[in-house]
Structure formats: C-alpha cells, structure tokens
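*Asks:* What follows is a structure written as structure tokens; I'll ask about it next.
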Amino acid sequence: MAAATRRVFHLQPCENSSMSQCGYVEDAGYLKCDMDDASETHEESLGEEAFDTINSSIVSGESIRFFVNINLEVQPTQADESELPGGCGLLHTSRKYLNLKNFEEEIRAHRDLDGFLARASIILNEPATSLDDVLRAMLLRLVHDPNNTEPNCNLDLLMAMLFTDAGAPKEGKVHLLSDTIQGVTATVTGVQYQQSWLCIICTSKSLLKRHVCISRLVRPQNWGENSCEVRFVILVLAPPKMKSTKTATEVGRTFATMFLDITFRQKLLKTRTEEEFKEALVHQRQLLTVVSQGPTPSLQTYSISSICVQRPQQPLQHKDFFPVGKGIREDIARRLPVYSLDFTDGIIGKNNAVGKYITTTLFLYFACLLPTIAFGSLNDENTDGAIDVQKTMAGQSIGGLLYALFSGQPLVVLLTTAPLALYTHVIRGICDDYHLDFNTFYAWTGLWNSFFLALYALFNLSLIMSLFKRSTEEIIALFISITFMLDAVKGMVKIFQKYYYGNLGNYNTDRTSLVSLLGLGTSLNTSFHTALNTSLLASPPELASVSSRSTEHPSRETAVLSLLIMLGTLWLSYTLYQFKKSPYLHPYMREILSDCALPISVLTFSLICSYGFREIKMSKFRYNPSESLFKMAEMHSLSLGAIGSAMGLGFLLSMLFFIEQNLVAALTNAPENRLVKGTAYHWDLLLIAIINTGLSLFGMPWIHAAYPHSPLHVRALALVEERVENGHIYETIVNVKETRLTTLGASILVGFSLLLLPVPLQWIPKPVLYGLFLYIALTSIDANQLFERVALLLKDQASYPPTHYIRRVPQRKIHYFTGLQVLQLLLLCAFGMSPLPYMKMIFPLIMIAMIPIRYKLLPRIIEAKYLDAMDAEH
C-alpha cells in the first residue's frame, strides 16, 4: 500500500466557492483536462484568454486569496503491499487559504525579489517536455550556479522531495507534486485554475539558504488536470529553520502574487534576454506597489481613538469640543439602548454564563479587597485614623456599586491607588504645617478635583486622549508590571533585613514624617496606575500590630517562610491560571480552576501560613475601628486662601484622574477585546467626578479606573481560543460577556467584608500579598507588544512570530523602535520612582509630554509608515 503526501497552494477570489479536485499523474502518460470546463489557450494570443479568469492587468489583493493543501505522509510497509495488490494507495488532501503578498506593507515582498535579482536563476526557452526533466534542469542550474553554492546538496534527494512517491513501491507510485501554489478564480459554476504557471516549493534540511529558479518553457505543456497549458515554472527551495517571513511558502507567495497578472505573463513571453526578464519583474513590482497604495481600509489603531467610534480618523479641531455636553449625550444615546442587556446577557437565553460570572466575581472580590485593606491601613497610619480600613472598604463598596449601576463601560474596575495615598499624605502634611482641619481641606481638594473633571467631560476633552498611541499605552502598562515585581521584591528584602539579619534598628515605632514616608515610597509603585501595589505596607510599622511588635524577635524562620509563601502563592496562582491549557480533567473544570486561580491561591497559602506554621510570627495589617463611618466635613471652616490652595492640589489631582480613567478605559475597549456595546468615555468621566464628590465630603479615599484589573476583568469574561499561524500558537478573544453583574457582585461582597474585620481578614499575611502582586504583574504582560519585542532580542529569527509588524517593518527598525520605547520607559521610572514627592505629583504631566515625543521626535528617527505599522492593531 502506498500513501502519498501532497500540499497545493491556490489563489482564489472567493473563499466560499467549491473546489475542484486538482492533480496530475505522470506514470502512464498525461491525464488531459476537459477543455470545455476549465482550459487554457496559448498565452501568446492576445484578447480574451479562456484560461485566465482575471481580466484586469493588476490583481486586487482583496479579491483573490491563496489556499494550501497539506497532506500527511505515511511510509508504506511490506504488509500493506501484500494486503492490497495492484498498487492501491491513499492520498490525503487538505486546503488552506493564503493571502496575497501586499507589496506596499510587507517589506519581505521587495526583499524576496531583490534577492532573486541579485543572483537570478532564469531559464529561457526550456525545451524539455517532461515535468521531471524540467525540474531536474532547474535543480542543475541551481547546483552549478557559483552564486548558489550548497556543499551538502543532494540533487537526487531534492528531486525526490518534490514528489509524493518518494519511498513508495514501484507499482504504487502516484507521481504528484508535494507542495505547489496555483492561482484560481471563483465562478458561479465552481473554480477555474490558472493553468499557464505553476509554483513549486520545497523545504530541505540539506540547504543553507533560500533559492529561486524560474523556467519559461518553449511550448505549453500538459502535465495533468489543472495543469494543461503550463508555460512558467517557479521553483522555490529553502531550509526548514527560517524566520516566519522567510520560509519557502512566503517566498513562493511573493512570486505567485506577481504571476497572477496575465498581462505580466504575456510580457514575460516576449522577453528575449535575462535582463529584459528582470526588468519586467521590477516593473511588475512597481505596479503592485501602486495598487497596494490604492483604496484599502486604513489601519485601525489600538489607542483610545475608539472614542470616536462613529467618526473617521482625522486631526482634532476646535469644533470637536463643542457644543458643551455633546460627548456625554452621544455616550448615553449609545449605551442606553443596551442597558438592560448588561443584566440579562449570559443569564437569560441559550448562552448561559452563570458559572463564569460567579468565578469572575470571586476573582474581582479578592483582587479589590486585598489592596483596599492594604491602602486603608496605610491611610490610617498617615492620617492618624481620619481615613482607616473601614472607610476605605466602605468607599470602595459604595463607589463600585454606583459605577457598576450607572457607568457606560461597566467592565472598568475602580480602586484607590498608591498615588492617591501619596496625595492624601501630602494633604495631611499641609494641614499639620498650617493648622488646618484635615477632613475639610481633604473635602475641598476632592471637590475641586471633581469640578475640573466635570469640565473635562462637558467640553469633550477625552478626545485629546486619542493622541496617545498604542506604543505609549504599552510603555505605561509595562512600567506598571515592572514596578509590581520590584515592589514585591523590595517588600521581601525588608522582611529579610528585619528577620533574617536582625536589623531592628531600622524599624522604630515613631510616627513617620513626610520625608521618611516618601523615602519608604521608593518601594511604592509610584505610577499613577498601581491599584494593587501596597509596598508602602511592606514596612512592619504599617502592617504589624502594636501588640505583635513587643513580642516579635528576629527569626530566620519568618524570613524563609515568607519567601516560600510568596513564591508558592505565585506558583499556585499562575499554574492554575494556565491549567486551562493542560490535558487534565474536563474542559469545564479546567476553566473553573483557571478562573478561580487567584482566590484559591490566596486562601490556600493564608491557611498554610496561619495554621500550618502557628509558631512562626507573621505581621498583620494595622486596623483601628472608626468612630463614625459617615460624618460630613465642615466645609465652612476654611479660609478663602486655604480653599484656593486646595484648588491647586485639586487641579493636579484632576490631571491624574483624567489620564488614568481614559487610559485604562482605552485598554479595556481595545479592538482585540471585541467589545460590541460601545464606549462612554465622557459620561464615565463625569460619573467619576460625581462619585468622588460624595467620597470627599464623607472623608473616604478617592477611587478611579485601575490597571491591570480592568483588562484582566475583560479577559476573565472572554471566550478565548488558541490559534496556530506558521507554527506559532497565539490566543485570540472571540467574544466577551459584557455584563454589570460581576462588578456589582464584587462591590457587594467588599461591603459585606466589613463584617469580617479584624478577624479573619487579618489572617492574610504580607507574603501572600506579594505573591498576588507578582501574579498580577506576570499575567498583565501576556499581551504587551513592547515586552514581546524586547523578547525578540533574545530569540532566534526562526522563532519570530508572524505578527503584523514583523511582516511590515524591517527588523532593524523594529529594534530601533523598541530601544526608543525602553528609553521612554526609563524616563518614566526616573520620575515615577523618585524619592522627591513633587516629582511624583507631576507624574501625569510627564505622561502628556510623551505625546510630542511620539509625534515630533520619533518620526525623525524612524519613518512614519513604520511607526504607524507598529502602532496598528494585529
């Protein structure tokens, strides 16, 4: 029994048309096509050729597609031959489409042709009539070409690899080409093949580099069905270990795209010398490049340009910001019709998603509760109990509930953050220095902040954020991820300094001054995005209870256990997160374990630490019950001068809120997340102003959109599929359940957690929090393009993924762009991690300064078309 392998690439304008069987047998003569159905006349005759179904001189890249037949090879056995006499065999055929080469965007198209022209192997007027003789002549031409030396090349082996009958018994040979590309055109009756040219590709380990040979036959040859009038043969050879854009298939795709044009083939028939042949190739490249520059859809960017989902991309003008409230009205009109669906999707109907909603709610609960407790303890320490854990949890619950009910994009998660804690401490220092009432001054600062946010929303200033490109957003995102990891490491270092080396002198119980706090702030994530970072809590004065300080002694067991608990939390949470890719258990159980990775790991190692190692003392967060949870500030007790000072702080705070809210919302509404219900940037900004007005009056911590919680929330509600492209596996979101129930449920659970203070919430040790931060950082960089391009510097070119920028941008330009982004990242670190307080407070202004860097500086170093390609959507 003989089994054959065959892979055939085709071009076709319609992907839905039916495919006719393609093949040509060369054992006992030629199998002639039915000329009435699909045939080709001689290409030298001008006019309307029956064999070519493409009438225009240039083929549109939108109307024609390739498909590939891929077959598996099974070596025959002696038993097979004896069981099936007569030479019967099996031929496995499968087809796949390939896109036409875009000569405008894909730089490899030009480089493939340039490489061929530099050492061209062209055979004009080949007299051979047999396919074997033609291919052998082409291989001999490559072997004897001094510019294409291959010391380990075996001509017979290469010849055998071109066909499916290699190793098959003589009586069972089916002489078919293994790997080919052909052009096809869809018609109402089926598919018609372009039979005047054939592209044959082959991959061999004996080759060191890629080779291309083009042969023009003297007369059209009949080599079987769908190859009845072959006049041009293109042979592409390549080694298997190549960059994804340099494979034999990619090179064949370049030349096949050129040969689709009938006018181009007619021009090649008239050439007399190799130089004329090359000139025709160059001219065809120019024509294809011009066509690619024609009316094609513009690249969609990843940035917040989705604010203008109903408008084309164009420069902002003054009229875009008027009339007042226009953006808010558009947001409400866009989201109000689907408001009821935010509660019923996944609950009512066939696509039930109750299980996913429950697991996502638990994930959000733990992801919001832990930093809320941490920052509440920090605020309690910094404000002498004016803002404590209870108020922080109450503010988180109330603000989250209001946002979940009335926001335009309920998938965004609100939290208090480290920069907000820094602002709170600065306000406390000002109040102490000038003998002002803290609650009143805090309330006025929050009211001014809300006032400016309302102005931004009314005058549609969120449109300005469309100037932020994908690259800028990903710099910020990677900066946050890095600081998460650094904060966890710094917290663990402090634990080792106290417990392992016994440096107790560094941890006194005196009230921390402004300068010393800001010194500790170097272990904070000073990026305005870090909602989970509680590095300020890493210091025992913040987390350790007063009673435990008097009894704790330096213990190396505490330090070692803390390290193991942190790493164990990270390991368990990330292992469960990746468990959906494993082959174990039922797919539904794998998905549940993956969605519950965070709560399972936190609960597991909290119990291990609290019950398994009772004799080892671990620090607990600071907790002092509030005397009055809802007490409004006395707004009339401040002078006009103090109110004016609060306005200055409120303006800087509003800049932080403005960038934070819009940037996180843009990452949540990213095109690859495939959200369908629309955006509401202006309305959400106004809602944030309203929520923080109430929080300010009652002395509760401010909240705004948090990264990476919001994108992770989207991913938790998404249906994700793994896809393979050129051997590379990548994940893509198919759809997302856009619901308000998860954030609503998490906010309610945070409110009920007030009943769990101080026990059992104090059982959660600091190392578990550090492991949580590492987990959040690790999962947030999964889809960060900047991180992927930094990783390219350490990868072999053959391992490069076939991403859009790999195809469209030269490799050197990619690395230049990555280096410039790293420099901007270092600039953010210089300001965001500075020990000086006011450098941290002006951090939003540094983010705005990155806009002219992207639009003015970078285009002077890298061409604008390459910058746009790397900022484009995948």
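Labeling convention for the structure tokens: chains A, B, ... as they appear, residues from 1 per chain, ligands from 1 in order of appearance.
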Hey, what does DSSP flag as strand (DSSP E) within segment 173-259 of chain A? Can you give it to me as a PyMOL selection string?
*Replies:* chain A and resi 179-187+190-193+197-203+211-221+230-238
*Asks:* Ranking A:Phe375, A:Phe232, A:Phe116, A:Phe343 by minimum distance to Val134 of chain A and counting only C-alpha atoms, which one comes first?
*Replies:*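 Of A:Phe375, A:Phe232, A:Phe116, A:Phe343, the one nearest Val134 of chain A is A:Phe232, counting only C-alpha atoms.
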*Asks:* So that I can see what lies close to Met647 of chain A, please list as a list in words the residues with an atom at most 9 Å from it, counting only C-alpha atoms and leaving out residues fewer than 3 positions away in the same chain.
*Replies:*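 Everything that qualifies: Trp444, Thr445, Gly446, Leu447, Trp448, Asn449, Ala642, Ile643, Gly644, Gly650, Phe651 and Leu652 of chain A.
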*Asks:* Could you name the residues that touch segment 760-774 of chain A at 9 Å or less, counting only C-alpha atoms, but leaving out those on the same chain fewer than 6 positions away, as a ChimeraX atom specification?
*Replies:* /A:367,370-371,373,481,484-489,491-492,532-535,537-538,543,561-571,573,598,601-603,605-607,609-610,618-623,753
*Asks:* Run DSSP on the backbone and grab whatever in segment 578-715 of chain A lands in helix (DSSP H, G or I); send it over as number ranges by chain.
*Replies:* A: 579-581, 587-595, 597-612, 635-637, 640-668, 671-673, 681-697, 709-715
*Asks:* I want to know what sits within 12 Å of Ile848 of chain A, based on only C-alpha atoms, with residues of the same chain fewer than 2 positions away left out; could you give that as a PyMOL selection string?
*Replies:* chain A and resi 464-469+472-473+476+655-656+658-660+663+828+842-846+850-855
*Asks:* May I ask which of the residues A:Thr693, A:Asn352, A:Thr361, A:Ser340 is the closest one to Cys596 of chain A, counting only C-alpha atoms?
*Replies:*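 Of the candidates, the smallest distance to Cys596 of chain A is held by A:Thr361.
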*Asks:* For atom CA of Asn147 of chain A and atom CA of Cys213 of chain A, determine how far apart the two atoms are, in Å to one decimal place.
*Replies:*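 So the answer is 12.6 Å.
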*Asks:* Which residues are near Ala689 of chain A? Cut-off 8 Å, only C-alpha atoms, ignore same chain within fewer than 5 positions. Put them as a PyMOL selection string.
*Replies:* chain A and resi 449-451+453-454
*Asks:* With all heavy atoms retained, write the just-selected residues as a PDB file, in the first residue's frame.
*Replies:*
```pdb
ATOM      1  N   ASN A 449     -11.221  68.784  42.471  1.00  0.00           N
ATOM      2  CA  ASN A 449     -10.889  67.715  41.516  1.00  0.00           C
ATOM      3  C   ASN A 449     -12.125  67.319  40.717  1.00  0.00           C
ATOM      4  O   ASN A 449     -12.081  67.210  39.481  1.00  0.00           O
ATOM      5  CB  ASN A 449     -10.332  66.515  42.281  1.00  0.00           C
ATOM      6  CG  ASN A 449     -10.252  65.264  41.430  1.00  0.00           C
ATOM      7  OD1 ASN A 449      -9.630  65.247  40.376  1.00  0.00           O
ATOM      8  ND2 ASN A 449     -10.898  64.198  41.877  1.00  0.00           N
ATOM      9  N   SER A 450     -13.251  67.132  41.398  1.00  0.00           N
ATOM     10  CA  SER A 450     -14.483  66.759  40.709  1.00  0.00           C
ATOM     11  C   SER A 450     -14.953  67.876  39.784  1.00  0.00           C
ATOM     12  O   SER A 450     -15.495  67.610  38.700  1.00  0.00           O
ATOM     13  CB  SER A 450     -15.569  66.419  41.735  1.00  0.00           C
ATOM     14  OG  SER A 450     -15.190  65.306  42.522  1.00  0.00           O
ATOM     15  N   PHE A 451     -14.773  69.130  40.200  1.00  0.00           N
ATOM     16  CA  PHE A 451     -15.174  70.254  39.368  1.00  0.00           C
ATOM     17  C   PHE A 451     -14.405  70.257  38.046  1.00  0.00           C
ATOM     18  O   PHE A 451     -14.998  70.409  36.964  1.00  0.00           O
ATOM     19  CB  PHE A 451     -14.933  71.562  40.127  1.00  0.00           C
ATOM     20  CG  PHE A 451     -15.107  72.795  39.287  1.00  0.00           C
ATOM     21  CD1 PHE A 451     -16.363  73.233  38.916  1.00  0.00           C
ATOM     22  CD2 PHE A 451     -14.002  73.509  38.846  1.00  0.00           C
ATOM     23  CE1 PHE A 451     -16.527  74.371  38.136  1.00  0.00           C
ATOM     24  CE2 PHE A 451     -14.142  74.640  38.062  1.00  0.00           C
ATOM     25  CZ  PHE A 451     -15.419  75.075  37.708  1.00  0.00           C
ATOM     26  N   LEU A 453     -12.884  67.701  36.645  1.00  0.00           N
ATOM     27  CA  LEU A 453     -13.258  66.516  35.873  1.00  0.00           C
ATOM     28  C   LEU A 453     -14.581  66.739  35.140  1.00  0.00           C
ATOM     29  O   LEU A 453     -14.739  66.314  33.990  1.00  0.00           O
ATOM     30  CB  LEU A 453     -13.372  65.297  36.795  1.00  0.00           C
ATOM     31  CG  LEU A 453     -12.065  64.734  37.376  1.00  0.00           C
ATOM     32  CD1 LEU A 453     -12.364  63.558  38.293  1.00  0.00           C
ATOM     33  CD2 LEU A 453     -11.115  64.304  36.272  1.00  0.00           C
ATOM     34  N   ALA A 454     -15.520  67.399  35.805  1.00  0.00           N
ATOM     35  CA  ALA A 454     -16.796  67.688  35.154  1.00  0.00           C
ATOM     36  C   ALA A 454     -16.598  68.610  33.952  1.00  0.00           C
ATOM     37  O   ALA A 454     -17.225  68.419  32.900  1.00  0.00           O
ATOM     38  CB  ALA A 454     -17.763  68.310  36.159  1.00  0.00           C
TER      39      ALA A 454
END
```
*Asks:* Using only C-alpha atoms, which protein or nucleic acid residues come within 10 Å of Ala137 of chain A? Drop anything in the same chain fewer than 4 positions from it, and give the result as a PyMOL selection string.
*Replies:* chain A and resi 123+126+128+131-133+141-143+215
*Asks:* Any idea what the distance is between atom CA of Ala869 of chain A and atom CA of Ile776 of chain A?
*Replies:*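 These two atoms are separated by 29.0 Å.
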*Asks:* Measuring atom to atom with only C-alpha atoms, identify which of A:His586, A:Lys243, A:His682, A:Arg285 is nearest to Leu792 of chain A.
*Replies:*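 Among the listed residues, A:Lys243 lies closest to Leu792 of chain A.
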*Asks:* When distances are computed from only C-alpha atoms, which of A:Tyr403, A:Tyr584, A:Asn379, A:Pro410 shows the smallest separation from His425 of chain A?
*Replies:*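 Closest candidate: A:Asn379.
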*Asks:* A:Pro708, A:Gly699, A:Pro810, A:Gly327: which is nearest Met635 of chain A, counting only C-alpha atoms?
*Replies:*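 Using only C-alpha atoms, the shortest distance to Met635 of chain A belongs to A:Gly699.
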